[in-house]
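Right, one structure below, let's go through it.
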Amino acid sequence: MRIAFLGTPEFAVPSLKMLIAEGHELAVFTQPDRPKDRGHALAMPAVKLTALEAGIPVYQFEKIRLPEGVEALTAFMPDLTVTAAFGQLLSEENLSIPKFGTVNVHGSLLPKYRGASPIQTAIIEGEEETGVTTMLTNIGMDTGDILLAAKTPIGENETYGELYTRLAELGAELLKETIAKIEAGTLEPIPQDEALATRCRPIKKQDAQIDFSLPSKRIHDLVRGLNPAPTAFARLGEANIKIHETRLVSNQQVLFERFGEAVLGECVIASPKQGLVVRTGDGFIEITELQFPGGKRLPAKAAMNGKKLAGSVFEGL
RNA sequence: CGCGGGGUGGAGCAGCCGGUAGCUCGUCGGGCUCAUAAUCCGAAGGUUGGAGGUUCGAGUCCUCCCCCCGCAA
């Protein structure tokens, strides 16, 4: 069928590729190219690159709900609109165009984690399970009726980046199934239970700073939930030190005997051989990969060769 | 031509106002040990990112280039 695909980053790519492989007639709408990183180069969204490779027409509007966008979408005359991490709000007008409606692929088990950062937030909140949901888009923020959902466990050391990739793939499969059922007319949309709904907000820089007075598990969840970006960090004097990876330690007992008196945030062990261990609110945590200003990310044991952190204390918030 | 930090033996770093390079780890050899991630002794390994310039002499100053990183977006 004719499908308008609205999506932007990597998360949407597997879904788009699936639609291409299924032979649908496609038009892609994505965010405008943006200046990226240092220098001034404009970068194309991942979805645009994929579309161009496949020879699919690409439209880029600052806001698709403005007349220009509505016009272009209308002109394509889609049977269905699919959105996946598009990054723009749709208008009532946009939604009224396709006869089968608008289906969104969302990276959480709705009604939990509606909003902008469902994958990161699920990890940061210490969830052991998450998934993807397809839903009928309405005007609210991920509030439409649920079509299908697929669950998946979150590994104890799984990072945002890893889960992101898995959910993107899982989302593509679920979208395929969803479209098949739409075509067959066998879907029964289920309204979301508002009582169970939670909302996640975009990650702000402040959210990425580690508070070592928290329990080790909370810190670990924050670090992996922000890996590879935007990356958790800790303040040490004037420097912001990025913390890329941590591990929960099992020998808490021994550490307490040796370093029970340590201040929260103190580096109790910091050596090339034993790595970096920091005192937390309820015990200790091992930092296994970090990054100093101006440097690249390093395994902690390598970083300890040149930096003497033993006894240093990461500042509180 | 958005702002800023950095490129020094395999890795991470030091080297203040210029005088032929040092530390930690690793590597190799050996000792100790039942053994070892532990520890001791010794050794190898660098044209200091590249090209010019200033100087009696540059890792250290100036110019240009390449690469890496952070912020901002």
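Ordered as shown in the structure tokens, chains take letters A, B, and onward, while each chain numbers its residues from 1 and ligands are numbered from 1 in the order shown.
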Need to verify the contact set: A:Asp145, 10 Å, only C-alpha atoms (C1' of nucleotides), exclusion of same-chain residues closer than 3 positions in sequence. Can you return it as number ranges by chain? A: 103, 110-111, 134-138, 142, 148, 188-193
Could you give me, as an NGL selection string, each residue of stretch 143-228 of chain A that DSSP assigns to alpha helix (DSSP H) when run on this structure's backbone? :A and (160-184 or 216-225)
Proximal residues of chain A relative to chain B (only C-alpha atoms (C1' of nucleotides); 12 Å) as JSON, numbers by chain: {"A": [34, 35, 36, 37, 38, 39, 40, 41, 42, 43, 205, 239, 240, 241, 242, 271, 272, 273, 274, 275, 291, 292, 293, 294, 295, 296, 297, 298, 299, 300, 301, 302, 303, 304, 305, 306, 307, 308]}
Can you write out the residues you just picked, keeping N, CA, C and O atoms, as a short mmCIF file (atom, residue, chain, number, x, y, z; two decimals), in the first residue's frame?
```cif
data_model
loop_
_atom_site.label_atom_id
_atom_site.label_comp_id
_atom_site.auth_asym_id
_atom_site.auth_seq_id
_atom_site.Cartn_x
_atom_site.Cartn_y
_atom_site.Cartn_z
N ARG A 34 20.78 19.02 9.61
CA ARG A 34 21.19 19.93 10.68
C ARG A 34 22.72 20.03 10.74
O ARG A 34 23.41 19.06 10.44
N PRO A 35 23.22 21.19 11.21
CA PRO A 35 24.66 21.31 11.44
C PRO A 35 25.03 20.30 12.53
O PRO A 35 24.35 20.20 13.54
N LYS A 36 26.08 19.57 12.30
CA LYS A 36 26.42 18.51 13.24
C LYS A 36 27.86 18.63 13.70
O LYS A 36 28.76 18.94 12.93
N ASP A 37 28.09 18.34 14.95
CA ASP A 37 29.43 18.31 15.54
C ASP A 37 30.22 19.59 15.24
O ASP A 37 29.65 20.58 14.86
N ARG A 38 31.56 19.51 15.44
CA ARG A 38 32.32 20.74 15.20
C ARG A 38 32.42 21.00 13.71
O ARG A 38 32.03 20.20 12.89
N GLY A 39 32.93 22.14 13.39
CA GLY A 39 32.92 22.51 11.99
C GLY A 39 31.52 22.97 11.65
O GLY A 39 30.80 23.43 12.51
N HIS A 40 31.13 22.83 10.44
CA HIS A 40 29.83 23.38 10.07
C HIS A 40 29.04 22.47 9.17
O HIS A 40 28.02 22.84 8.62
N ALA A 41 29.52 21.28 8.97
CA ALA A 41 28.89 20.38 8.00
C ALA A 41 27.45 20.05 8.38
O ALA A 41 27.13 19.77 9.53
N LEU A 42 26.57 20.10 7.39
CA LEU A 42 25.20 19.68 7.61
C LEU A 42 25.17 18.16 7.54
O LEU A 42 25.83 17.56 6.69
N ALA A 43 24.40 17.57 8.44
CA ALA A 43 24.32 16.12 8.43
C ALA A 43 22.91 15.68 8.08
O ALA A 43 21.93 16.26 8.55
N LYS A 205 21.27 17.94 30.40
CA LYS A 205 22.66 17.78 30.84
C LYS A 205 22.74 17.49 32.33
O LYS A 205 23.50 16.66 32.79
N ALA A 239 37.23 19.65 36.50
CA ALA A 239 37.02 18.80 35.34
C ALA A 239 35.72 18.00 35.40
O ALA A 239 35.29 17.56 36.46
N ASN A 240 35.13 17.83 34.24
CA ASN A 240 34.00 16.93 34.09
C ASN A 240 34.55 15.63 33.51
O ASN A 240 35.10 15.63 32.41
N ILE A 241 34.42 14.58 34.27
CA ILE A 241 34.94 13.31 33.80
C ILE A 241 33.80 12.44 33.35
O ILE A 241 32.87 12.19 34.10
N LYS A 242 33.86 12.03 32.11
CA LYS A 242 32.80 11.20 31.58
C LYS A 242 32.95 9.77 32.10
O LYS A 242 34.04 9.22 32.09
N SER A 271 44.16 2.03 40.61
CA SER A 271 45.46 1.56 40.16
C SER A 271 45.35 0.84 38.82
O SER A 271 44.28 0.35 38.46
N PRO A 272 46.45 0.80 38.09
CA PRO A 272 46.45 0.15 36.78
C PRO A 272 46.09 -1.33 36.88
O PRO A 272 45.62 -1.92 35.92
N LYS A 273 46.34 -1.91 38.01
CA LYS A 273 46.09 -3.34 38.12
C LYS A 273 44.69 -3.67 38.64
O LYS A 273 44.08 -4.64 38.25
N GLN A 274 44.23 -2.83 39.57
CA GLN A 274 42.93 -3.14 40.16
C GLN A 274 41.79 -2.29 39.63
O GLN A 274 40.64 -2.53 39.95
N GLY A 275 42.13 -1.29 38.84
CA GLY A 275 41.08 -0.47 38.28
C GLY A 275 40.64 0.63 39.23
O GLY A 275 41.39 1.04 40.11
N GLN A 291 36.60 8.87 30.67
CA GLN A 291 37.20 9.78 29.70
C GLN A 291 37.49 11.12 30.35
O GLN A 291 36.61 11.75 30.91
N PHE A 292 38.74 11.53 30.27
CA PHE A 292 39.14 12.82 30.83
C PHE A 292 39.01 13.90 29.76
O PHE A 292 39.00 13.60 28.57
N PRO A 293 38.92 15.16 30.19
CA PRO A 293 38.80 16.26 29.24
C PRO A 293 39.93 16.22 28.22
O PRO A 293 41.08 16.05 28.59
N GLY A 294 39.60 16.36 26.98
CA GLY A 294 40.60 16.39 25.93
C GLY A 294 41.05 15.02 25.48
O GLY A 294 41.74 14.89 24.48
N GLY A 295 40.70 13.99 26.24
CA GLY A 295 41.18 12.65 25.89
C GLY A 295 40.09 11.82 25.29
O GLY A 295 38.96 12.26 25.14
N LYS A 296 40.44 10.61 24.93
CA LYS A 296 39.42 9.74 24.40
C LYS A 296 39.00 8.76 25.48
O LYS A 296 39.63 8.68 26.53
N ARG A 297 37.95 8.03 25.21
CA ARG A 297 37.46 7.11 26.21
C ARG A 297 38.46 5.97 26.42
O ARG A 297 39.03 5.45 25.47
N LEU A 298 38.66 5.60 27.68
CA LEU A 298 39.67 4.61 28.01
C LEU A 298 39.16 3.62 29.03
O LEU A 298 38.36 3.95 29.89
N PRO A 299 39.68 2.39 28.93
CA PRO A 299 39.43 1.44 30.01
C PRO A 299 40.05 2.05 31.27
O PRO A 299 41.12 2.63 31.20
N ALA A 300 39.39 1.90 32.38
CA ALA A 300 39.86 2.53 33.62
C ALA A 300 41.29 2.12 33.96
O ALA A 300 42.10 2.93 34.39
N LYS A 301 41.60 0.84 33.76
CA LYS A 301 42.93 0.38 34.13
C LYS A 301 44.01 1.08 33.32
O LYS A 301 45.10 1.34 33.82
N ALA A 302 43.74 1.38 32.08
CA ALA A 302 44.72 2.09 31.25
C ALA A 302 44.81 3.53 31.71
O ALA A 302 45.91 4.09 31.83
N ALA A 303 43.67 4.12 32.02
CA ALA A 303 43.67 5.52 32.43
C ALA A 303 44.44 5.72 33.73
O ALA A 303 45.08 6.75 33.94
N MET A 304 44.42 4.72 34.59
CA MET A 304 45.08 4.84 35.89
C MET A 304 46.60 4.91 35.79
O MET A 304 47.28 5.27 36.74
N ASN A 305 47.15 4.56 34.65
CA ASN A 305 48.60 4.63 34.49
C ASN A 305 49.13 6.05 34.64
O ASN A 305 50.19 6.27 35.19
N GLY A 306 48.40 6.98 34.09
CA GLY A 306 48.89 8.35 34.11
C GLY A 306 48.22 9.26 35.11
O GLY A 306 48.73 10.33 35.42
N LYS A 307 47.07 8.88 35.60
CA LYS A 307 46.34 9.73 36.53
C LYS A 307 46.40 9.12 37.92
O LYS A 307 46.22 7.92 38.08
N LYS A 308 46.65 9.91 38.90
CA LYS A 308 46.66 9.38 40.25
C LYS A 308 45.40 9.86 40.97
O LYS A 308 45.34 10.98 41.46
#
```
Please provide as a short mmCIF file (atom, residue, chain, number, x, y, z; two decimals) with C-alpha atoms, in the first residue's frame all residues within 10 Å of A:Ile243, with the sequence filter that same-chain residues fewer than 2 positions apart are discarded (counting only C-alpha atoms (C1' of nucleotides)).
```cif
data_model
loop_
_atom_site.label_atom_id
_atom_site.label_comp_id
_atom_site.auth_asym_id
_atom_site.auth_seq_id
_atom_site.Cartn_x
_atom_site.Cartn_y
_atom_site.Cartn_z
CA ALA A 208 23.69 13.11 33.34
CA GLN A 209 25.69 14.10 36.41
CA ILE A 210 26.35 11.25 38.77
CA VAL A 223 25.59 5.27 33.40
CA ARG A 224 24.41 2.53 31.07
CA LEU A 226 23.23 7.30 29.01
CA ASN A 227 25.79 5.25 27.09
CA THR A 231 27.15 9.98 28.68
CA ALA A 232 27.07 10.27 32.45
CA PHE A 233 29.73 12.42 34.05
CA ALA A 234 31.18 13.23 37.44
CA ASN A 240 34.00 16.93 34.09
CA ILE A 241 34.94 13.31 33.80
CA GLU A 245 30.82 2.16 31.88
CA THR A 246 30.50 0.82 35.40
CA ILE A 287 34.20 2.38 37.00
CA THR A 288 35.49 0.39 34.06
CA GLU A 289 35.60 2.96 31.30
CA LEU A 290 35.96 6.72 31.50
CA GLN A 291 37.20 9.78 29.70
CA PHE A 292 39.14 12.82 30.83
CA ARG A 297 37.46 7.11 26.21
CA LEU A 298 39.67 4.61 28.01
CA ALA A 300 39.86 2.53 33.62
#
```
Could you name the residues that touch A:Gln31 at 8 Å or less, counting only C-alpha atoms (C1' of nucleotides), but leaving out those on the same chain fewer than 5 positions away, as a ChimeraX atom specification? /A:7-8,45,60-62,86-87
Write out, as a PDB file, in the first residue's frame, the residues just selected, with all heavy atoms.
```
ATOM      1  N   GLY A   7      10.110   9.619   9.913  1.00  0.00           N
ATOM      2  CA  GLY A   7      11.066   9.179  10.929  1.00  0.00           C
ATOM      3  C   GLY A   7      12.367   9.913  10.717  1.00  0.00           C
ATOM      4  O   GLY A   7      12.566  10.543   9.683  1.00  0.00           O
ATOM      5  N   THR A   8      13.243   9.831  11.710  1.00  0.00           N
ATOM      6  CA  THR A   8      14.473  10.598  11.595  1.00  0.00           C
ATOM      7  C   THR A   8      15.752   9.806  11.916  1.00  0.00           C
ATOM      8  O   THR A   8      16.568   9.602  11.025  1.00  0.00           O
ATOM      9  CB  THR A   8      14.400  11.851  12.489  1.00  0.00           C
ATOM     10  OG1 THR A   8      13.238  12.603  12.113  1.00  0.00           O
ATOM     11  CG2 THR A   8      15.636  12.719  12.292  1.00  0.00           C
ATOM     12  N   PRO A  45      19.764  13.173   8.236  1.00  0.00           N
ATOM     13  CA  PRO A  45      19.224  12.173   9.163  1.00  0.00           C
ATOM     14  C   PRO A  45      19.439  10.767   8.599  1.00  0.00           C
ATOM     15  O   PRO A  45      19.457  10.590   7.379  1.00  0.00           O
ATOM     16  CB  PRO A  45      17.734  12.505   9.222  1.00  0.00           C
ATOM     17  CG  PRO A  45      17.630  13.918   8.773  1.00  0.00           C
ATOM     18  CD  PRO A  45      18.745  14.115   7.789  1.00  0.00           C
ATOM     19  N   GLN A  60      11.555  17.227   3.456  1.00  0.00           N
ATOM     20  CA  GLN A  60      12.046  17.708   4.751  1.00  0.00           C
ATOM     21  C   GLN A  60      11.414  19.054   5.075  1.00  0.00           C
ATOM     22  O   GLN A  60      11.648  20.036   4.372  1.00  0.00           O
ATOM     23  CB  GLN A  60      13.581  17.851   4.710  1.00  0.00           C
ATOM     24  CG  GLN A  60      14.290  16.521   4.553  1.00  0.00           C
ATOM     25  CD  GLN A  60      15.789  16.677   4.343  1.00  0.00           C
ATOM     26  OE1 GLN A  60      16.232  17.019   3.261  1.00  0.00           O
ATOM     27  NE2 GLN A  60      16.555  16.431   5.403  1.00  0.00           N
ATOM     28  N   PHE A  61      10.619  19.035   6.136  1.00  0.00           N
ATOM     29  CA  PHE A  61       9.996  20.278   6.572  1.00  0.00           C
ATOM     30  C   PHE A  61      10.372  20.572   8.015  1.00  0.00           C
ATOM     31  O   PHE A  61      10.507  19.648   8.815  1.00  0.00           O
ATOM     32  CB  PHE A  61       8.470  20.194   6.464  1.00  0.00           C
ATOM     33  CG  PHE A  61       7.986  19.957   5.065  1.00  0.00           C
ATOM     34  CD1 PHE A  61       7.534  18.698   4.679  1.00  0.00           C
ATOM     35  CD2 PHE A  61       8.017  20.981   4.128  1.00  0.00           C
ATOM     36  CE1 PHE A  61       7.108  18.466   3.377  1.00  0.00           C
ATOM     37  CE2 PHE A  61       7.581  20.763   2.825  1.00  0.00           C
ATOM     38  CZ  PHE A  61       7.115  19.497   2.444  1.00  0.00           C
ATOM     39  N   GLU A  62      10.505  21.837   8.309  1.00  0.00           N
ATOM     40  CA  GLU A  62      10.764  22.231   9.690  1.00  0.00           C
ATOM     41  C   GLU A  62       9.600  21.776  10.564  1.00  0.00           C
ATOM     42  O   GLU A  62       9.791  21.278  11.670  1.00  0.00           O
ATOM     43  CB  GLU A  62      10.931  23.760   9.752  1.00  0.00           C
ATOM     44  CG  GLU A  62      11.769  24.255  10.897  1.00  0.00           C
ATOM     45  CD  GLU A  62      13.189  23.687  10.878  1.00  0.00           C
ATOM     46  OE1 GLU A  62      13.920  23.850   9.873  1.00  0.00           O
ATOM     47  OE2 GLU A  62      13.554  23.057  11.879  1.00  0.00           O
ATOM     48  N   PHE A  86      10.068  10.382  14.857  1.00  0.00           N
ATOM     49  CA  PHE A  86      10.063  11.447  13.859  1.00  0.00           C
ATOM     50  C   PHE A  86      10.595  12.750  14.447  1.00  0.00           C
ATOM     51  O   PHE A  86      11.372  13.464  13.830  1.00  0.00           O
ATOM     52  CB  PHE A  86       8.640  11.638  13.328  1.00  0.00           C
ATOM     53  CG  PHE A  86       8.497  12.693  12.285  1.00  0.00           C
ATOM     54  CD1 PHE A  86       9.440  12.833  11.267  1.00  0.00           C
ATOM     55  CD2 PHE A  86       7.400  13.545  12.292  1.00  0.00           C
ATOM     56  CE1 PHE A  86       9.289  13.808  10.280  1.00  0.00           C
ATOM     57  CE2 PHE A  86       7.242  14.524  11.312  1.00  0.00           C
ATOM     58  CZ  PHE A  86       8.192  14.652  10.305  1.00  0.00           C
ATOM     59  N   GLY A  87      10.159  13.058  15.634  1.00  0.00           N
ATOM     60  CA  GLY A  87      10.665  14.264  16.275  1.00  0.00           C
ATOM     61  C   GLY A  87       9.865  15.517  15.992  1.00  0.00           C
ATOM     62  O   GLY A  87      10.299  16.618  16.326  1.00  0.00           O
TER      63      GLY A  87
END
```
Write out as a PyMOL selection string each polymer residue whose atoms come within 12 Å of B:G19, counting only C-alpha atoms (C1' of nucleotides); drop sequence neighbours fewer than 2 positions from it. chain B and resi 55-58+60
Quick one: residues within 7 Å of A:Lys151, only C-alpha atoms (C1' of nucleotides) counted, chain neighbours fewer than 3 positions away excluded, as a PyMOL selection string? chain A and resi 129-132
Write the residues of the preceding selection, restricted to C-alpha atoms, as a short mmCIF file (atom, residue, chain, number, x, y, z; two decimals), in the first residue's frame.
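File produced: selection-v7.cif:
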```
data_model
loop_
_atom_site.label_atom_id
_atom_site.label_comp_id
_atom_site.auth_asym_id
_atom_site.auth_seq_id
_atom_site.Cartn_x
_atom_site.Cartn_y
_atom_site.Cartn_z
CA GLU A 129 11.78 -5.56 30.91
CA THR A 130 10.72 -3.21 28.18
CA GLY A 131 9.64 -3.47 24.58
CA VAL A 132 8.07 -1.74 21.64
#
```
Would you mind writing down, as a PyMOL selection string, each residue of stretch 47-281 of chain A that DSSP on the backbone assigns to strand (DSSP E or B)? chain A and resi 58-60+80-84+102-106+114-115+129-136+146-153+190+199-200+209+232-236+239-248+266-271+275-279
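Atom CA of A:Met44 lies 7.5 Å from atom CA of A:Pro32.
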I want to know what sits within 10 Å of A:Ile182, based on only C-alpha atoms (C1' of nucleotides), with residues of the same chain fewer than 6 positions away left out; could you give that as a count of residues only? 5
Atom CA of A:Phe76 to atom CA of A:Glu93, distance in Å rounded to a single decimal: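 So the two atoms, atom CA of A:Phe76 and atom CA of A:Glu93, lie 14.3 Å apart.
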Given only C-alpha atoms as the counted atoms, nearest of A:Asp211, A:Glu183, A:Glu158, A:Glu266 to A:Leu309: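 Closest candidate: A:Glu266.
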